[in-house]
Structures are given as C-alpha cells and as structure tokens.
Amino acid sequence: MSTKSTSGTWNPDLYLRYAAYRARPAEDLMPRLKLNVPGDIYDLGCGPGNLTQKLKDTWPDRNVIGVDSSPDMLKTAREKIPNGITWQQGDISAWGATSTAALVFTNAALHWVPDHKTLLPRLMRQVAPGGLLAMQVPVSHPEGYHQCIEELAKSPKWHDRFKDVHAHDDPLAASAYYDLLSPLCSDMDIWETDYHHVLEGENPVTEWISSTGLVPFLTALPEADRPAYLADYSALAAKAYPRQADGKVLFTMHRLFVLATRKG
Ligand SMILES: C[S@@+](CC[C@H](N)C(=O)[O-])C[C@H]1O[C@@H](n2cnc3c(N)ncnc32)[C@H](O)[C@@H]1O
C-alpha cells in the first residue's frame, strides 16, 4: 500500500469516461440502504461527486457531505453538481464525522486507505446507533489489470523508477471485516460480485486503469515519460485481455461490499 498521497494526480475527466460502468456497483448497493435514524450522509472518497449526487437525490431532506483528498476531484464536483451538497477536502485516514451520521457511504475509495484493521472499526464508530456504514471496494490483485501493473513494476526497464512506489492493497477477506465490525453492529450484509464490463476502443483497459490503479505509477514519472509507460502497459494488457469474437474487450472487476448497521 502506498503511503504517499495521490491527492494531486486524479484526473476527473478520464475517471468519468467510464462513469456508467463505474457506478454499477454503487447502484447495486444503494437500493439496500434503508435510513431508519435521523442524521447526515457522508460520502468518503466522493471523487467527482456523481454518486454523492445520487445520495442527495435519494434523500433530498438530508445533509449530504462529500469528502475527498483530491482538490481536482472536488473542483469537478463543485462545478458539475448543483448546490445542496457540502464538499470537504480531507483524508479518510484522519476523518471523523462532524455531525450525527446516519450513513457513511464509501465507494471504490477505501482500498487507497491503509490499515483497515484500525480504519474500519473507527469508521463504524462514526456512525450513529441504528445508522449504516456502506462500503464497496475492488479486489484487484488476482485480476489481469493488476498483474500487468506488477509485471511492469518488476521489469528491468521500469524497476528503478518504481522502487518506492506501491499499488494499493487489496481489501481484507469478508470474514475479517465481519470479525472487525460485528462487535459494533447489530446486522451485517457482506457480498462479492464480478462485473464483466464490455469495453471498446484501442486500449480500453489502459483508459480505465490509468485514472485509478496506475495513478501512483504515473505520479512517480515525469510527464514526458508517461506515454512510454502507458504504451508498455497497453502492450501487456492487450495480451492479458484478448479481444472477444466481436473485437470488444471483456473487462472483469471483482467487488466486495459490506453493509453494516451500528448497534443501537
Ligand atoms: C476511484 S475514485 C472513487 C470516486 C467515487 N467514490 C466513485 O465511486 O465514483 C477514488 C477516490 O478516492 C479518493 N481518495 C483516495 N485516497 C483518499 C484518502 N486517503 N482520503 C480521501 N479521499 C481519498 C481519490 O481522490 C478519488 O477521488
């Protein structure tokens, strides 16, 4: 897990290119959220704010607060999303609710934050009794897109450039989250799902991953060297993701969900 901040390197426009696909897991999670206690909604690692907006649309009478460490992501959120949501710059590692939290929601963000053994119980304690912690994180390491990252990082050409750079960790196992959170919870729903996204274009895996998993590696390179790195990544990804019969690419992401209700 990288301990370096990646806050300055997220590219909201690139990230939003696959917004509909990226939103799919959250759209599966959101209908399961039943808010039975008064309080505010926090979206941790809110990125460009499109899911924060969905939370506000679902609960227009609640205060919704989007928290992210990236000034660029928050700038896009402020520009794209109409008034009515509070945006806060902050690091999830140090975050604490500043009001009663009926829901702490976090989608595709906590894998960037280290030490889940400490983090998850701490986040759960931020939730009001009867409130919800809802998280979705990708499980990346077994997947081709992550294997390509590792292979390049170890290659003679790039090894020296990435000595101090690490990809994010995978989340813990479902059973570990259960044991960490069950003392604080009255109810827990944990599940995992594979999403097989159909991608088109010349280097669709690179396009997807360059705004997420490659961020620490691109950050470590001067701008002039990034095209060569992306070209090498694309060559590996083309082998890891052979084209389907119709020329498209089936890009699989495995996602882990935890929905936990704080003990009353
Ligand atoms: C993959 S994006 C997810 C954005 C949004 N939640 C979504 O699902 O579309 C991950 C976001 O987490 C943010 N992030 C990463 N580490 C963070 C940290 N330690 N504290 C706050 N935000 C963080 C990044 O800036 C980025 O906006």
# chains A, B, ... in the order shown; residues from 1 in each chain; ligands from 1
$ select_by_dssp --residues "stretch 160-238 of chain A" --states "strand (DSSP E or B)" --output "PDB file with C-alpha atoms, in the first residue's frame"
ATOM      1  CA  CYS A 185     -23.002  -3.917  14.710  1.00  0.00           C
ATOM      2  CA  SER A 186     -26.499  -5.298  15.045  1.00  0.00           C
ATOM      3  CA  ASP A 187     -26.614  -6.508  11.452  1.00  0.00           C
ATOM      4  CA  MET A 188     -24.196  -7.100   8.596  1.00  0.00           C
ATOM      5  CA  ASP A 189     -24.636  -7.945   4.917  1.00  0.00           C
ATOM      6  CA  ILE A 190     -21.439  -8.870   3.040  1.00  0.00           C
ATOM      7  CA  TRP A 191     -21.248  -9.979  -0.577  1.00  0.00           C
ATOM      8  CA  GLU A 192     -18.959 -10.084  -3.602  1.00  0.00           C
ATOM      9  CA  THR A 193     -19.788  -9.680  -7.284  1.00  0.00           C
ATOM     10  CA  ASP A 194     -17.939  -9.925 -10.590  1.00  0.00           C
ATOM     11  CA  TYR A 195     -18.726  -7.198 -13.128  1.00  0.00           C
ATOM     12  CA  HIS A 196     -17.874  -8.061 -16.722  1.00  0.00           C
ATOM     13  CA  HIS A 197     -17.681  -4.687 -18.446  1.00  0.00           C
ATOM     14  CA  VAL A 198     -17.743  -4.630 -22.240  1.00  0.00           C
ATOM     15  CA  LEU A 199     -15.133  -2.121 -23.386  1.00  0.00           C
TER      16      LEU A 199
END
$ select_by_dssp --residues "stretch 10-252 of chain A" --states "helix (DSSP H, G or I)" --output "PyMOL selection string"
chain A and resi 12-16+19-32+50-58+71-80+92-94+110-112+116-125+144-154+159-162+174-184+204-209+215-220+223-240
$ write_last_selection --atoms "C-alpha atoms" --output "short mmCIF file (atom, residue, chain, number, x, y, z; two decimals), in the first residue's frame"
data_model
loop_
_atom_site.label_atom_id
_atom_site.label_comp_id
_atom_site.auth_asym_id
_atom_site.auth_seq_id
_atom_site.Cartn_x
_atom_site.Cartn_y
_atom_site.Cartn_z
CA PRO A 12 -11.68 13.61 -13.10
CA ASP A 13 -12.33 13.74 -16.86
CA LEU A 14 -10.57 10.44 -17.50
CA TYR A 15 -12.27 8.89 -14.47
CA LEU A 16 -15.71 9.96 -15.70
CA ALA A 19 -18.82 6.69 -15.26
CA ALA A 20 -21.80 4.47 -16.05
CA TYR A 21 -19.80 1.27 -15.58
CA ARG A 22 -18.03 2.58 -12.50
CA ALA A 23 -21.39 3.47 -10.97
CA ARG A 24 -22.84 -0.05 -11.40
CA PRO A 25 -21.64 -1.48 -8.05
CA ALA A 26 -22.91 1.59 -6.20
CA GLU A 27 -26.24 1.29 -7.97
CA ASP A 28 -26.46 -2.27 -6.66
CA LEU A 29 -25.58 -1.12 -3.17
CA MET A 30 -27.78 1.96 -2.89
CA PRO A 31 -31.23 0.28 -3.04
CA ARG A 32 -30.21 -1.73 0.04
CA ASN A 50 -21.72 11.78 -9.23
CA LEU A 51 -22.61 9.22 -6.55
CA THR A 52 -22.83 11.92 -3.90
CA GLN A 53 -25.43 13.50 -6.15
CA LYS A 54 -27.38 10.20 -6.29
CA LEU A 55 -27.34 10.06 -2.48
CA LYS A 56 -28.73 13.61 -2.35
CA ASP A 57 -31.38 12.75 -4.96
CA THR A 58 -32.46 9.75 -2.87
CA PRO A 71 -8.52 19.13 -4.95
CA ASP A 72 -9.07 18.31 -8.65
CA MET A 73 -11.85 15.84 -7.90
CA LEU A 74 -13.53 18.30 -5.54
CA LYS A 75 -13.20 21.12 -8.08
CA THR A 76 -15.02 18.98 -10.65
CA ALA A 77 -17.66 18.03 -8.08
CA ARG A 78 -18.28 21.67 -7.18
CA GLU A 79 -18.53 22.67 -10.86
CA LYS A 80 -20.71 19.80 -12.06
CA ILE A 92 -10.20 9.44 5.21
CA SER A 93 -7.39 8.15 7.48
CA ALA A 94 -7.97 11.09 9.79
CA LEU A 110 -11.13 2.66 0.89
CA HIS A 111 -8.60 0.47 -0.95
CA TRP A 112 -6.49 3.64 -1.14
CA HIS A 116 -8.29 -1.47 7.51
CA LYS A 117 -7.98 -3.29 10.83
CA THR A 118 -7.91 0.09 12.55
CA LEU A 119 -9.79 2.08 9.94
CA LEU A 120 -13.00 0.07 9.67
CA PRO A 121 -13.90 -0.04 13.37
CA ARG A 122 -13.04 3.67 13.56
CA LEU A 123 -15.37 4.49 10.67
CA MET A 124 -18.09 2.32 12.19
CA ARG A 125 -17.83 4.30 15.43
CA GLY A 144 -5.14 -9.21 -15.22
CA TYR A 145 -5.10 -5.42 -14.98
CA HIS A 146 -3.26 -5.60 -11.67
CA GLN A 147 -0.92 -8.38 -12.79
CA CYS A 148 0.16 -6.09 -15.66
CA ILE A 149 0.95 -3.31 -13.15
CA GLU A 150 3.10 -5.70 -11.10
CA GLU A 151 4.85 -7.14 -14.12
CA LEU A 152 5.84 -3.71 -15.43
CA ALA A 153 6.97 -2.55 -11.99
CA LYS A 154 9.36 -5.51 -11.81
CA HIS A 159 12.05 -1.27 -11.94
CA ASP A 160 14.37 1.54 -10.85
CA ARG A 161 11.70 4.17 -11.44
CA PHE A 162 9.20 2.45 -9.18
CA ALA A 174 -15.02 -10.84 4.09
CA SER A 175 -14.54 -12.89 7.27
CA ALA A 176 -12.01 -10.35 8.58
CA TYR A 177 -14.44 -7.45 8.09
CA TYR A 178 -17.10 -9.49 9.85
CA ASP A 179 -14.91 -10.06 12.91
CA LEU A 180 -13.75 -6.44 12.98
CA LEU A 181 -17.22 -4.96 12.77
CA SER A 182 -19.54 -7.47 14.42
CA PRO A 183 -18.84 -6.23 18.00
CA LEU A 184 -20.12 -2.81 16.91
CA PRO A 204 -9.66 0.35 -23.23
CA VAL A 205 -8.04 -1.35 -20.22
CA THR A 206 -5.34 1.33 -20.09
CA GLU A 207 -8.00 4.02 -20.37
CA TRP A 208 -9.90 2.52 -17.47
CA ILE A 209 -6.98 1.88 -15.19
CA VAL A 215 -2.25 6.77 -10.54
CA PRO A 216 0.67 6.10 -8.12
CA PHE A 217 2.89 4.97 -11.02
CA LEU A 218 2.04 7.87 -13.31
CA THR A 219 2.56 10.24 -10.39
CA ALA A 220 6.09 8.91 -9.93
CA GLU A 223 5.09 13.86 -17.67
CA ALA A 224 7.45 13.21 -20.61
CA ASP A 225 7.91 9.54 -19.61
CA ARG A 226 4.25 8.73 -19.08
CA PRO A 227 3.38 7.93 -22.75
CA ALA A 228 6.15 5.27 -22.88
CA TYR A 229 4.90 3.70 -19.67
CA LEU A 230 1.30 3.71 -20.88
CA ALA A 231 2.36 2.15 -24.19
CA ASP A 232 4.16 -0.65 -22.35
CA TYR A 233 1.14 -1.15 -20.10
CA SER A 234 -1.16 -1.30 -23.14
CA ALA A 235 1.01 -3.96 -24.77
CA LEU A 236 0.78 -6.16 -21.67
CA ALA A 237 -2.93 -5.51 -21.24
CA ALA A 238 -3.61 -6.49 -24.86
CA LYS A 239 -2.17 -9.92 -24.07
CA ALA A 240 -4.00 -10.24 -20.75
#
$ residues_near_ligand --ligand "ligand 1" --cutoff "7 Å" --atoms "only C-alpha atoms and all ligand atoms" --output "PyMOL selection string"
chain A and resi 6-7+10+22-23+44-51+67-70+73+90-93+106-110+112-113+212
$ write_last_selection --atoms "C-alpha atoms" --output "short mmCIF file (atom, residue, chain, number, x, y, z; two decimals), in the first residue's frame"
data_model
loop_
_atom_site.label_atom_id
_atom_site.label_comp_id
_atom_site.auth_asym_id
_atom_site.auth_seq_id
_atom_site.Cartn_x
_atom_site.Cartn_y
_atom_site.Cartn_z
CA THR A 6 -2.16 10.65 -4.55
CA SER A 7 -4.34 13.67 -3.99
CA TRP A 10 -6.52 12.10 -10.01
CA ARG A 22 -18.03 2.58 -12.50
CA ALA A 23 -21.39 3.47 -10.97
CA LEU A 44 -15.98 9.29 1.77
CA GLY A 45 -13.68 9.42 -1.26
CA CYS A 46 -16.51 11.06 -3.20
CA GLY A 47 -14.38 11.78 -6.29
CA PRO A 48 -16.19 13.87 -8.91
CA GLY A 49 -19.39 13.64 -6.88
CA ASN A 50 -21.72 11.78 -9.23
CA LEU A 51 -22.61 9.22 -6.55
CA VAL A 67 -15.21 14.17 1.42
CA ASP A 68 -12.14 13.68 -0.78
CA SER A 69 -8.42 14.37 -0.56
CA SER A 70 -8.06 15.41 -4.21
CA MET A 73 -11.85 15.84 -7.90
CA GLY A 90 -9.81 15.68 3.88
CA ASP A 91 -8.00 12.40 4.31
CA ILE A 92 -10.20 9.44 5.21
CA SER A 93 -7.39 8.15 7.48
CA THR A 106 -17.80 4.90 0.54
CA ASN A 107 -17.49 3.53 -2.98
CA ALA A 108 -14.23 2.49 -4.64
CA ALA A 109 -12.12 4.56 -2.27
CA LEU A 110 -11.13 2.66 0.89
CA TRP A 112 -6.49 3.64 -1.14
CA VAL A 113 -6.51 3.97 2.64
CA THR A 212 -7.32 4.63 -10.91
#
$ residues_around --residues "A:Ile41" --least-positions-apart "5" --cutoff "7 Å" --atoms "only C-alpha atoms" --output "number ranges by chain"
A: 62-65, 101-104
$ atom_distance --atom1 "atom CA of A:Ala134" --atom2 "atom CA of A:His254"
16.9 Å
$ closest_residue --among "A:Val258, A:Asp170, A:Asn83, A:Pro60" --to "A:Glu143" --atoms "only C-alpha atoms"
A:Asp170
$ residues_around --residues "A:Gly247" --least-positions-apart "2" --cutoff "12 Å" --atoms "only C-alpha atoms" --output "list in words"
Val198, Leu199, Glu200, Gly201, Glu202, Asn203, Pro204, Ala238, Tyr241, Pro242, Arg243, Gln244, Ala245, Val249 and Leu250 of chain A
$ closest_residue --among "A:Gly96, A:Pro82, A:Gly213, A:Gly264" --to "A:Val37" --atoms "only C-alpha atoms"
A:Gly264
$ atom_distance --atom1 "atom CA of A:Ile85" --atom2 "atom CA of A:Leu133"
19.3 Å
$ decode --residues "stretch 132-155 of chain A" --atoms "C-alpha atoms" --output "PDB file, in the first residue's frame"
ATOM      1  CA  LEU A 132     -25.261   2.445   8.339  1.00  0.00           C
ATOM      2  CA  LEU A 133     -21.730   2.002   7.097  1.00  0.00           C
ATOM      3  CA  ALA A 134     -21.820   1.027   3.406  1.00  0.00           C
ATOM      4  CA  MET A 135     -18.625   0.271   1.534  1.00  0.00           C
ATOM      5  CA  GLN A 136     -17.631  -1.155  -1.819  1.00  0.00           C
ATOM      6  CA  VAL A 137     -14.019  -1.899  -2.713  1.00  0.00           C
ATOM      7  CA  PRO A 138     -12.433  -3.667  -5.688  1.00  0.00           C
ATOM      8  CA  VAL A 139     -10.422  -6.835  -5.183  1.00  0.00           C
ATOM      9  CA  SER A 140      -7.723  -6.232  -7.779  1.00  0.00           C
ATOM     10  CA  HIS A 141      -4.641  -8.308  -7.178  1.00  0.00           C
ATOM     11  CA  PRO A 142      -5.787 -11.554  -8.867  1.00  0.00           C
ATOM     12  CA  GLU A 143      -7.022  -9.673 -11.947  1.00  0.00           C
ATOM     13  CA  GLY A 144      -5.140  -9.215 -15.224  1.00  0.00           C
ATOM     14  CA  TYR A 145      -5.100  -5.420 -14.984  1.00  0.00           C
ATOM     15  CA  HIS A 146      -3.257  -5.598 -11.671  1.00  0.00           C
ATOM     16  CA  GLN A 147      -0.918  -8.376 -12.788  1.00  0.00           C
ATOM     17  CA  CYS A 148       0.160  -6.093 -15.656  1.00  0.00           C
ATOM     18  CA  ILE A 149       0.947  -3.313 -13.153  1.00  0.00           C
ATOM     19  CA  GLU A 150       3.096  -5.698 -11.096  1.00  0.00           C
ATOM     20  CA  GLU A 151       4.854  -7.139 -14.123  1.00  0.00           C
ATOM     21  CA  LEU A 152       5.845  -3.710 -15.427  1.00  0.00           C
ATOM     22  CA  ALA A 153       6.973  -2.551 -11.987  1.00  0.00           C
ATOM     23  CA  LYS A 154       9.362  -5.512 -11.812  1.00  0.00           C
ATOM     24  CA  SER A 155      10.617  -5.196 -15.401  1.00  0.00           C
TER      25      SER A 155
END
